[in-house]
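Structure file final-v4.cif; described as mmCIF, C-alpha atoms.
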```
data_work
#
loop_
_atom_site.group_PDB
_atom_site.id
_atom_site.type_symbol
_atom_site.label_atom_id
_atom_site.label_comp_id
_atom_site.auth_asym_id
_atom_site.auth_seq_id
_atom_site.Cartn_x
_atom_site.Cartn_y
_atom_site.Cartn_z
ATOM 1 C CA MET A 1 24.760 -15.073 -0.514
ATOM 2 C CA ILE A 2 22.316 -13.744 2.071
ATOM 3 C CA GLU A 3 19.458 -11.718 0.631
ATOM 4 C CA VAL A 4 18.572 -8.773 2.891
ATOM 5 C CA VAL A 5 15.526 -6.616 2.203
ATOM 6 C CA LYS A 6 15.033 -3.873 4.761
ATOM 7 C CA ASN A 7 12.260 -1.456 5.657
ATOM 8 C CA ILE A 8 9.379 -3.053 3.786
ATOM 9 C CA PRO A 9 6.207 -1.177 4.805
ATOM 10 C CA LEU A 10 3.382 -3.611 5.562
ATOM 11 C CA LYS A 11 -0.149 -2.289 5.811
ATOM 12 C CA GLY A 12 -1.841 -3.623 8.912
ATOM 13 C CA LYS A 13 -5.079 -2.822 10.712
ATOM 14 C CA TYR A 14 -3.937 0.609 11.839
ATOM 15 C CA ASP A 15 -2.774 3.842 10.272
ATOM 16 C CA LYS A 16 0.949 3.209 10.689
ATOM 17 C CA PRO A 17 3.128 0.867 8.588
ATOM 18 C CA ILE A 18 4.702 -2.250 10.076
ATOM 19 C CA VAL A 19 8.295 -1.701 8.928
ATOM 20 C CA THR A 20 9.748 -5.130 8.195
ATOM 21 C CA ASP A 21 13.079 -6.774 7.278
ATOM 22 C CA VAL A 22 13.742 -10.194 5.748
ATOM 23 C CA PHE A 23 17.042 -12.099 5.764
ATOM 24 C CA TYR A 24 17.426 -15.369 3.842
ATOM 25 C CA ASN A 25 19.686 -17.372 1.585
ATOM 26 C CA LYS A 26 18.120 -17.176 -1.878
ATOM 27 C CA THR A 27 18.209 -20.861 -2.837
ATOM 28 C CA GLN A 28 14.650 -21.471 -4.052
ATOM 29 C CA LYS A 29 14.481 -24.222 -1.444
ATOM 30 C CA PRO A 30 11.895 -24.074 1.350
ATOM 31 C CA LYS A 31 13.297 -22.896 4.659
ATOM 32 C CA PRO A 32 11.732 -22.797 8.140
ATOM 33 C CA ILE A 33 10.345 -19.355 8.938
ATOM 34 C CA VAL A 34 11.481 -17.448 12.042
ATOM 35 C CA ILE A 35 9.626 -14.266 13.034
ATOM 36 C CA PHE A 36 11.238 -12.079 15.720
ATOM 37 C CA ALA A 37 9.349 -9.561 17.879
ATOM 38 C CA HIS A 38 11.204 -6.799 19.747
ATOM 39 C CA GLY A 39 10.360 -5.630 23.237
ATOM 40 C CA TYR A 40 9.236 -2.486 25.063
ATOM 41 C CA LYS A 41 11.128 0.631 23.919
ATOM 42 C CA GLY A 42 12.673 -1.654 21.297
ATOM 43 C CA TYR A 43 12.898 -1.766 17.520
ATOM 44 C CA LYS A 44 14.073 -4.173 14.840
ATOM 45 C CA ASP A 45 17.488 -2.519 14.330
ATOM 46 C CA TRP A 46 18.363 -2.217 18.019
ATOM 47 C CA GLY A 47 21.792 -3.378 19.156
ATOM 48 C CA CYS A 48 22.656 -6.802 17.733
ATOM 49 C CA TRP A 49 19.362 -7.697 16.060
ATOM 50 C CA ASN A 50 20.848 -7.385 12.558
ATOM 51 C CA LEU A 51 23.700 -9.711 13.551
ATOM 52 C CA VAL A 52 21.151 -12.149 14.965
ATOM 53 C CA ALA A 53 19.163 -12.017 11.722
ATOM 54 C CA GLU A 54 22.255 -12.690 9.609
ATOM 55 C CA HIS A 55 23.223 -15.607 11.816
ATOM 56 C CA PHE A 56 19.826 -17.264 11.445
ATOM 57 C CA ALA A 57 19.846 -16.685 7.679
ATOM 58 C CA HIS A 58 23.259 -18.361 7.358
ATOM 59 C CA GLU A 59 21.702 -21.382 9.088
ATOM 60 C CA GLU A 60 19.198 -21.727 6.216
ATOM 61 C CA LEU A 61 16.288 -20.099 8.012
ATOM 62 C CA PHE A 62 13.979 -17.426 6.605
ATOM 63 C CA PHE A 63 14.279 -14.703 9.256
ATOM 64 C CA ILE A 64 11.863 -11.793 9.638
ATOM 65 C CA LYS A 65 12.048 -8.920 12.091
ATOM 66 C CA PHE A 66 9.828 -5.885 12.226
ATOM 67 C CA ASN A 67 8.839 -2.772 14.105
ATOM 68 C CA PHE A 68 5.435 -2.860 15.712
ATOM 69 C CA SER A 69 3.343 -0.231 13.961
ATOM 70 C CA HIS A 70 3.100 1.978 17.057
ATOM 71 C CA ASN A 71 6.567 1.402 18.536
ATOM 72 C CA GLY A 72 7.479 5.051 17.895
ATOM 73 C CA GLY A 73 9.577 4.552 14.772
ATOM 74 C CA THR A 74 8.643 5.620 11.244
ATOM 75 C CA LEU A 75 9.340 4.282 7.764
ATOM 76 C CA GLU A 76 11.779 7.162 7.207
ATOM 77 C CA GLN A 77 13.404 6.733 10.630
ATOM 78 C CA PRO A 78 12.835 3.160 11.858
ATOM 79 C CA ILE A 79 15.508 3.516 14.562
ATOM 80 C CA ASP A 80 14.657 5.286 17.838
ATOM 81 C CA PHE A 81 11.418 7.146 18.535
ATOM 82 C CA PRO A 82 10.621 10.118 16.289
ATOM 83 C CA ASP A 83 6.860 9.464 16.606
ATOM 84 C CA LEU A 84 6.082 9.678 20.313
ATOM 85 C CA GLU A 85 2.377 10.150 19.593
ATOM 86 C CA ALA A 86 2.303 6.676 18.033
ATOM 87 C CA PHE A 87 4.292 5.269 20.960
ATOM 88 C CA GLY A 88 1.719 6.649 23.385
ATOM 89 C CA ASN A 89 -1.091 5.031 21.402
ATOM 90 C CA ASN A 90 0.490 1.577 21.333
ATOM 91 C CA ASN A 91 -1.029 -1.316 23.259
ATOM 92 C CA TYR A 92 -0.816 -5.114 23.485
ATOM 93 C CA THR A 93 -3.795 -5.664 21.170
ATOM 94 C CA LYS A 94 -2.183 -3.608 18.420
ATOM 95 C CA GLU A 95 1.015 -5.619 18.782
ATOM 96 C CA LEU A 96 -0.870 -8.921 18.493
ATOM 97 C CA ASP A 97 -2.629 -7.611 15.376
ATOM 98 C CA ASP A 98 0.659 -6.422 13.873
ATOM 99 C CA LEU A 99 2.247 -9.824 14.433
ATOM 100 C CA GLN A 100 -0.739 -11.456 12.741
ATOM 101 C CA THR A 101 -0.249 -9.158 9.742
ATOM 102 C CA VAL A 102 3.406 -10.232 9.466
ATOM 103 C CA ILE A 103 2.478 -13.923 9.648
ATOM 104 C CA ASP A 104 -0.210 -13.564 6.992
ATOM 105 C CA TRP A 105 2.079 -11.512 4.762
ATOM 106 C CA VAL A 106 5.008 -13.926 4.648
ATOM 107 C CA LEU A 107 2.713 -16.873 3.971
ATOM 108 C CA THR A 108 0.976 -15.178 1.036
ATOM 109 C CA LYS A 109 3.748 -13.169 -0.654
ATOM 110 C CA ALA A 110 4.320 -14.793 -4.043
ATOM 111 C CA SER A 111 8.029 -13.927 -4.288
ATOM 112 C CA PHE A 112 8.740 -15.898 -1.099
ATOM 113 C CA SER A 113 6.756 -18.990 -2.032
ATOM 114 C CA ARG A 114 9.774 -21.066 -3.086
ATOM 115 C CA GLU A 115 11.913 -19.865 -0.166
ATOM 116 C CA ILE A 116 9.655 -20.676 2.782
ATOM 117 C CA ASP A 117 8.320 -23.786 4.465
ATOM 118 C CA ALA A 118 4.839 -22.655 5.464
ATOM 119 C CA THR A 119 4.459 -25.705 7.727
ATOM 120 C CA ASN A 120 7.410 -24.688 9.935
ATOM 121 C CA ILE A 121 7.002 -21.317 11.676
ATOM 122 C CA THR A 122 8.861 -20.299 14.834
ATOM 123 C CA LEU A 123 8.054 -17.155 16.803
ATOM 124 C CA ILE A 124 10.824 -15.573 18.880
ATOM 125 C CA GLY A 125 10.151 -12.627 21.160
ATOM 126 C CA HIS A 126 12.405 -10.625 23.463
ATOM 127 C CA SER A 127 11.126 -9.128 26.726
ATOM 128 C CA ARG A 128 7.615 -7.731 26.185
ATOM 129 C CA GLY A 129 7.795 -9.261 22.717
ATOM 130 C CA GLY A 130 8.222 -12.621 24.442
ATOM 131 C CA GLY A 131 4.832 -12.126 26.043
ATOM 132 C CA ILE A 132 3.293 -11.135 22.707
ATOM 133 C CA VAL A 133 4.619 -14.202 20.860
ATOM 134 C CA THR A 134 3.441 -16.459 23.692
ATOM 135 C CA LEU A 135 -0.085 -15.093 23.378
ATOM 136 C CA LYS A 136 0.022 -15.369 19.576
ATOM 137 C CA ALA A 137 1.341 -18.940 19.655
ATOM 138 C CA SER A 138 -1.619 -19.931 21.820
ATOM 139 C CA GLU A 139 -4.156 -18.580 19.309
ATOM 140 C CA GLU A 140 -2.551 -19.012 15.851
ATOM 141 C CA PRO A 141 -2.673 -22.690 14.764
ATOM 142 C CA ARG A 142 -0.039 -22.235 12.038
ATOM 143 C CA ILE A 143 2.739 -21.568 14.563
ATOM 144 C CA THR A 144 4.799 -24.715 15.134
ATOM 145 C CA GLN A 145 7.431 -23.573 17.669
ATOM 146 C CA LEU A 146 7.701 -20.844 20.296
ATOM 147 C CA ILE A 147 10.853 -19.297 21.765
ATOM 148 C CA SER A 148 10.978 -16.512 24.333
ATOM 149 C CA TRP A 149 14.072 -14.557 25.321
ATOM 150 C CA ALA A 150 13.943 -12.796 28.698
ATOM 151 C CA ALA A 151 10.161 -12.747 28.449
ATOM 152 C CA VAL A 152 7.554 -11.260 30.737
ATOM 153 C CA SER A 153 5.098 -13.669 32.330
ATOM 154 C CA ASN A 154 2.433 -11.189 33.401
ATOM 155 C CA PHE A 155 1.145 -8.132 31.547
ATOM 156 C CA GLY A 156 -1.356 -7.301 34.292
ATOM 157 C CA GLN A 157 1.218 -6.311 36.877
ATOM 158 C CA ARG A 158 2.822 -3.967 34.314
ATOM 159 C CA SER A 159 -0.298 -2.416 32.850
ATOM 160 C CA SER A 160 -1.124 -0.270 35.863
ATOM 161 C CA THR A 161 2.347 0.402 37.278
ATOM 162 C CA ILE A 162 3.371 2.924 34.611
ATOM 163 C CA GLY A 163 1.772 5.515 36.852
ATOM 164 C CA GLU A 164 -0.654 5.810 39.702
ATOM 165 C CA LEU A 165 -3.975 4.836 38.182
ATOM 166 C CA GLU A 166 -6.194 7.682 39.361
ATOM 167 C CA ASN A 167 -3.815 10.402 38.179
ATOM 168 C CA TRP A 168 -3.172 8.548 34.927
ATOM 169 C CA LYS A 169 -6.891 8.472 34.200
ATOM 170 C CA LYS A 170 -7.328 12.135 35.165
ATOM 171 C CA ASP A 171 -4.357 13.376 33.126
ATOM 172 C CA GLY A 172 -4.856 10.960 30.241
ATOM 173 C CA VAL A 173 -1.109 10.350 29.973
ATOM 174 C CA LYS A 174 1.902 9.212 31.993
ATOM 175 C CA TYR A 175 5.541 9.532 30.987
ATOM 176 C CA VAL A 176 8.506 7.187 31.290
ATOM 177 C CA LEU A 177 12.052 8.458 30.761
ATOM 178 C CA ASN A 178 14.100 6.715 28.097
ATOM 179 C CA GLY A 179 17.491 6.573 29.749
ATOM 180 C CA ARG A 180 19.402 6.378 26.454
ATOM 181 C CA THR A 181 17.583 8.955 24.305
ATOM 182 C CA LYS A 182 16.455 11.114 27.267
ATOM 183 C CA GLN A 183 12.969 11.352 25.756
ATOM 184 C CA GLN A 184 9.903 11.434 27.953
ATOM 185 C CA MET A 185 7.941 8.504 26.499
ATOM 186 C CA PRO A 186 4.158 8.970 26.760
ATOM 187 C CA HIS A 187 1.677 6.261 27.692
ATOM 188 C CA PHE A 188 -1.862 7.369 27.025
ATOM 189 C CA TYR A 189 -4.592 6.024 29.280
ATOM 190 C CA GLN A 190 -6.004 3.991 26.370
ATOM 191 C CA PHE A 191 -3.199 1.493 27.122
ATOM 192 C CA TYR A 192 -4.811 0.560 30.432
ATOM 193 C CA GLU A 193 -8.327 0.645 29.003
ATOM 194 C CA ASP A 194 -7.331 -1.715 26.202
ATOM 195 C CA PHE A 195 -5.702 -4.088 28.670
ATOM 196 C CA LYS A 196 -8.794 -4.214 30.886
ATOM 197 C CA ALA A 197 -11.083 -4.736 27.871
ATOM 198 C CA ASN A 198 -8.944 -7.677 26.689
ATOM 199 C CA GLU A 199 -7.757 -9.038 30.017
ATOM 200 C CA VAL A 200 -8.601 -12.684 29.321
ATOM 201 C CA ARG A 201 -6.884 -12.721 25.937
ATOM 202 C CA LEU A 202 -3.839 -10.937 27.375
ATOM 203 C CA ASN A 203 -3.363 -13.390 30.246
ATOM 204 C CA ILE A 204 0.034 -14.996 29.628
ATOM 205 C CA GLU A 205 -0.501 -17.694 32.271
ATOM 206 C CA ARG A 206 -3.696 -18.810 30.534
ATOM 207 C CA ALA A 207 -1.985 -18.771 27.142
ATOM 208 C CA THR A 208 1.072 -20.672 28.344
ATOM 209 C CA LYS A 209 -1.010 -23.406 29.919
ATOM 210 C CA SER A 210 -2.815 -23.910 26.603
ATOM 211 C CA ILE A 211 0.296 -24.233 24.422
ATOM 212 C CA LYS A 212 0.707 -27.643 22.795
ATOM 213 C CA ILE A 213 3.612 -26.869 20.426
ATOM 214 C CA ARG A 214 7.338 -27.056 21.246
ATOM 215 C CA HIS A 215 8.271 -24.222 23.599
ATOM 216 C CA LEU A 216 11.719 -22.920 24.586
ATOM 217 C CA ILE A 217 12.301 -20.355 27.348
ATOM 218 C CA VAL A 218 15.702 -18.601 27.465
ATOM 219 C CA HIS A 219 16.496 -16.239 30.323
ATOM 220 C CA GLY A 220 19.592 -14.747 31.959
ATOM 221 C CA THR A 221 20.134 -15.387 35.645
ATOM 222 C CA GLN A 222 21.217 -11.779 36.246
ATOM 223 C CA ASP A 223 18.307 -10.118 34.454
ATOM 224 C CA THR A 224 17.399 -7.087 36.572
ATOM 225 C CA SER A 225 14.642 -5.888 34.200
ATOM 226 C CA ILE A 226 12.585 -9.087 34.122
ATOM 227 C CA SER A 227 13.377 -11.471 36.940
ATOM 228 C CA PHE A 228 14.476 -15.035 36.222
ATOM 229 C CA ASP A 229 11.470 -15.988 38.356
ATOM 230 C CA GLU A 230 9.267 -15.062 35.394
ATOM 231 C CA ALA A 231 10.999 -17.735 33.309
ATOM 232 C CA LEU A 232 10.336 -20.189 36.126
ATOM 233 C CA ASN A 233 6.652 -19.209 36.004
ATOM 234 C CA LEU A 234 6.424 -19.893 32.271
ATOM 235 C CA ASN A 235 8.186 -23.217 32.669
ATOM 236 C CA LYS A 236 5.855 -24.198 35.513
ATOM 237 C CA TRP A 237 2.741 -23.284 33.517
ATOM 238 C CA ASN A 238 3.917 -25.378 30.580
ATOM 239 C CA PRO A 239 5.752 -28.374 32.069
ATOM 240 C CA LYS A 240 6.562 -29.628 28.560
ATOM 241 C CA SER A 241 8.537 -26.458 27.817
ATOM 242 C CA THR A 242 12.343 -26.370 27.887
ATOM 243 C CA LEU A 243 14.000 -23.760 30.123
ATOM 244 C CA ILE A 244 17.578 -22.700 29.404
ATOM 245 C CA SER A 245 19.201 -20.399 31.930
ATOM 246 C CA ILE A 246 22.196 -18.391 30.768
ATOM 247 C CA GLU A 247 24.443 -17.875 33.758
ATOM 248 C CA GLU A 248 25.351 -14.264 34.571
ATOM 249 C CA ALA A 249 23.427 -12.946 31.545
ATOM 250 C CA ASP A 250 21.517 -9.680 31.819
ATOM 251 C CA HIS A 251 18.238 -8.661 30.162
ATOM 252 C CA THR A 252 19.766 -8.055 26.714
ATOM 253 C CA PHE A 253 22.281 -10.922 26.947
ATOM 254 C CA GLY A 254 25.170 -8.457 26.919
ATOM 255 C CA ALA A 255 24.020 -6.450 23.882
ATOM 256 C CA ARG A 256 23.820 -2.653 23.864
ATOM 257 C CA HIS A 257 22.798 0.063 21.440
ATOM 258 C CA PRO A 258 24.628 1.100 19.424
ATOM 259 C CA TRP A 259 26.605 -2.126 18.908
ATOM 260 C CA ASN A 260 29.771 -1.406 16.926
ATOM 261 C CA HIS A 261 31.226 -4.907 16.759
ATOM 262 C CA ASP A 262 31.164 -7.600 14.101
ATOM 263 C CA SER A 263 30.109 -10.365 16.477
ATOM 264 C CA MET A 264 27.488 -10.866 19.150
ATOM 265 C CA PRO A 265 28.323 -10.771 22.873
ATOM 266 C CA LYS A 266 28.934 -14.145 24.469
ATOM 267 C CA HIS A 267 25.597 -14.467 26.251
ATOM 268 C CA LEU A 268 23.548 -13.481 23.203
ATOM 269 C CA GLN A 269 25.493 -16.000 21.136
ATOM 270 C CA GLN A 270 24.502 -18.629 23.711
ATOM 271 C CA ALA A 271 20.837 -17.631 23.372
ATOM 272 C CA VAL A 272 21.052 -17.799 19.576
ATOM 273 C CA THR A 273 22.846 -21.163 19.596
ATOM 274 C CA ALA A 274 20.274 -22.645 22.000
ATOM 275 C CA SER A 275 17.459 -21.352 19.818
ATOM 276 C CA LEU A 276 18.962 -22.752 16.613
ATOM 277 C CA ASP A 277 19.512 -26.129 18.242
ATOM 278 C CA PHE A 278 15.887 -26.098 19.385
ATOM 279 C CA ILE A 279 14.508 -25.154 15.954
ATOM 280 C CA LYS A 280 16.563 -27.749 14.109
ATOM 281 C CA HIS A 281 15.988 -30.754 16.361
#
```
As structure tokens - that is how I would like this structure written.
Amino acid sequence: MIEVVKNIPLKGKYDKPIVTDVFYNKTQKPKPIVIFAHGYKGYKDWGCWNLVAEHFAHEELFFIKFNFSHNGGTLEQPIDFPDLEAFGNNNYTKELDDLQTVIDWVLTKASFSREIDATNITLIGHSRGGGIVTLKASEEPRITQLISWAAVSNFGQRSSTIGELENWKKDGVKYVLNGRTKQQMPHFYQFYEDFKANEVRLNIERATKSIKIRHLIVHGTQDTSISFDEALNLNKWNPKSTLISIEEADHTFGARHPWNHDSMPKHLQQAVTASLDFIKH
């Protein structure tokens, strides 16, 4: 029987909770830990992420997914973006700190102590989250395996393209339309300032070249949001990494929100299967 505990509010470094879910088979036997990080304009309950979590839990893994504290969701409404002020104040540094909070929490929570193998921790990140987990894996010695799904390879080229820099600085904010919710999503200028202040730490090429642990890169060949070339970059920077291309797959591996089906789309199932094979062997 899979134990599911949803919407646990973790207190991190900032003034917003990190809303977290855990999925695991309650056996009192240690299981490898898998921590999943969502991407830009994403959240833990998007599309098929609950189906993914259940699938990993059925494979005797302790699966955690969470909302970054400033992703725009709230504890009361963790789906979508009721808190656009928080969204506008998000940045890569906050996301790295939030992920650290989740790692520390699962390793120190007494009620999980018999369910987790603290020596076996895999990070999985989708899209922007793939960049975040790559950075974290390069700096957190307790991480043993890294998996990215449709991940970015360069934050720098994205940090200043949200809007023309001079106007962004003058206005203090730029907006991006969310095509699904029709919200104008704010990006406050602090996002760029934080990136420039932490440019070395946030360099994914540098981080990837330093990674010594097992590293899997999964990317769809028809990804129009993040080019397959970015997967090739990651694989080139870490020649010991494994690259799996999923033919004809798009950025979300066929998933959409809402997802009103009992099973994952074919391409996402391929990504999950490849990831499970990687974790277990």
* Test item: residues at most 7 Å from A:Leu10, all atoms listed in the file, excluding those fewer than 4 positions along its chain, as an MDAnalysis selection string -> chainID A and resid 17:19
* Translate the PyMOL selection byres ((chain A and resi 136) around 10), as applied to the file shown, into an explicit residue set as number ranges by chain. => A: 95-97, 99-100, 123, 130-135, 137-141, 143, 146, 201-202, 207
* Could you state which residues are captured by the PyMOL selection byres ((chain A and resi 265) around 12) in this file, as an NGL selection string? => :A and (47-49 or 51-52 or 249-250 or 252-256 or 259-264 or 266-272)
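We find atom CA of A:Trp237 and atom CA of A:Ser148 to be spaced 14.1 Å apart.
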Matched chain/residue IDs from the PyMOL selection byres ((chain A and resi 82) around 12), as a PDB file with C-alpha atoms, in the coordinates of the input:
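Writing the result to expr06.pdb gives the following:
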```
ATOM      1  CA  HIS A  70       3.100   1.978  17.057  1.00  0.00           C
ATOM      2  CA  ASN A  71       6.567   1.402  18.536  1.00  0.00           C
ATOM      3  CA  GLY A  72       7.479   5.051  17.895  1.00  0.00           C
ATOM      4  CA  GLY A  73       9.577   4.552  14.772  1.00  0.00           C
ATOM      5  CA  THR A  74       8.643   5.620  11.244  1.00  0.00           C
ATOM      6  CA  LEU A  75       9.340   4.282   7.764  1.00  0.00           C
ATOM      7  CA  GLU A  76      11.779   7.162   7.207  1.00  0.00           C
ATOM      8  CA  GLN A  77      13.404   6.733  10.630  1.00  0.00           C
ATOM      9  CA  PRO A  78      12.835   3.160  11.858  1.00  0.00           C
ATOM     10  CA  ILE A  79      15.508   3.516  14.562  1.00  0.00           C
ATOM     11  CA  ASP A  80      14.657   5.286  17.838  1.00  0.00           C
ATOM     12  CA  PHE A  81      11.418   7.146  18.535  1.00  0.00           C
ATOM     13  CA  ASP A  83       6.860   9.464  16.606  1.00  0.00           C
ATOM     14  CA  LEU A  84       6.082   9.678  20.313  1.00  0.00           C
ATOM     15  CA  GLU A  85       2.377  10.150  19.593  1.00  0.00           C
ATOM     16  CA  ALA A  86       2.303   6.676  18.033  1.00  0.00           C
ATOM     17  CA  PHE A  87       4.292   5.269  20.960  1.00  0.00           C
ATOM     18  CA  GLY A  88       1.719   6.649  23.385  1.00  0.00           C
ATOM     19  CA  THR A 181      17.583   8.955  24.305  1.00  0.00           C
ATOM     20  CA  GLN A 183      12.969  11.352  25.756  1.00  0.00           C
ATOM     21  CA  GLN A 184       9.903  11.434  27.953  1.00  0.00           C
ATOM     22  CA  MET A 185       7.941   8.504  26.499  1.00  0.00           C
TER      23      MET A 185
END
```
* Length of the atom CA of A:Asp194 to atom CA of A:Gly129 vector [Å] -> 17.3 Å
* **d(atom CA of A:Gly39, atom CA of A:Thr208) in Å** =>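 Result for atom CA of A:Gly39 versus atom CA of A:Thr208: 18.4 Å, one decimal.
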* Neighbour list for A:Ser227 as a PyMOL selection string, cut-off 12 Å, all atoms listed in the file, skip fewer than 4 positions in-chain -> chain A and resi 127+150-154+219-223+231-234+245+249-251
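Excluding A:Glu199 itself and any same-chain residue fewer than 4 positions from it, the protein and nucleic acid residues within 8 Å of it, counting all atoms listed in the file, are Gly156, Phe195 and Asn203 of chain A.
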Quick one: write out the picked residues with C-alpha atoms as a PDB file, keeping the file's coordinate frame?
```pdb
ATOM      1  CA  GLY A 156      -1.356  -7.301  34.292  1.00  0.00           C
ATOM      2  CA  PHE A 195      -5.702  -4.088  28.670  1.00  0.00           C
ATOM      3  CA  ASN A 203      -3.363 -13.390  30.246  1.00  0.00           C
TER       4      ASN A 203
END
```
* Shell around A:Lys13 at 9 Å using all atoms listed in the file, local window under 5 positions removed, as a PyMOL selection string -> chain A and resi 94+97-98+101
Box for stretch 137-145 of chain A - axis-aligned, 4 Å on each of the six sides, all listed atoms - centre and size in Å to one decimal, as JSON.
```
{"center_x": 1.6, "center_y": -21.6, "center_z": 16.9, "size_x": 19.6, "size_y": 14.1, "size_z": 17.8}
```
* Nearest to A:Gly12, chosen from A:Asp104, A:Asp45, A:Asp171, A:Asp229, with all atoms listed in the file counted in the distances ->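 Checking each candidate against A:Gly12, we get A:Asp104 as the closest.
Closest approach to A:Trp105 from the set A:Val22, A:Ala37, A:Tyr175, A:Arg214 is made by A:Val22, with distances taken over only C-alpha atoms.
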* Return the single residue from A:Phe278, A:Phe191, A:Phe155, A:Phe228 that is closest to A:Glu205, with distances computed using all atoms listed in the file. =>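 Ranking A:Phe278, A:Phe191, A:Phe155, A:Phe228 by distance to A:Glu205, first place goes to A:Phe155.
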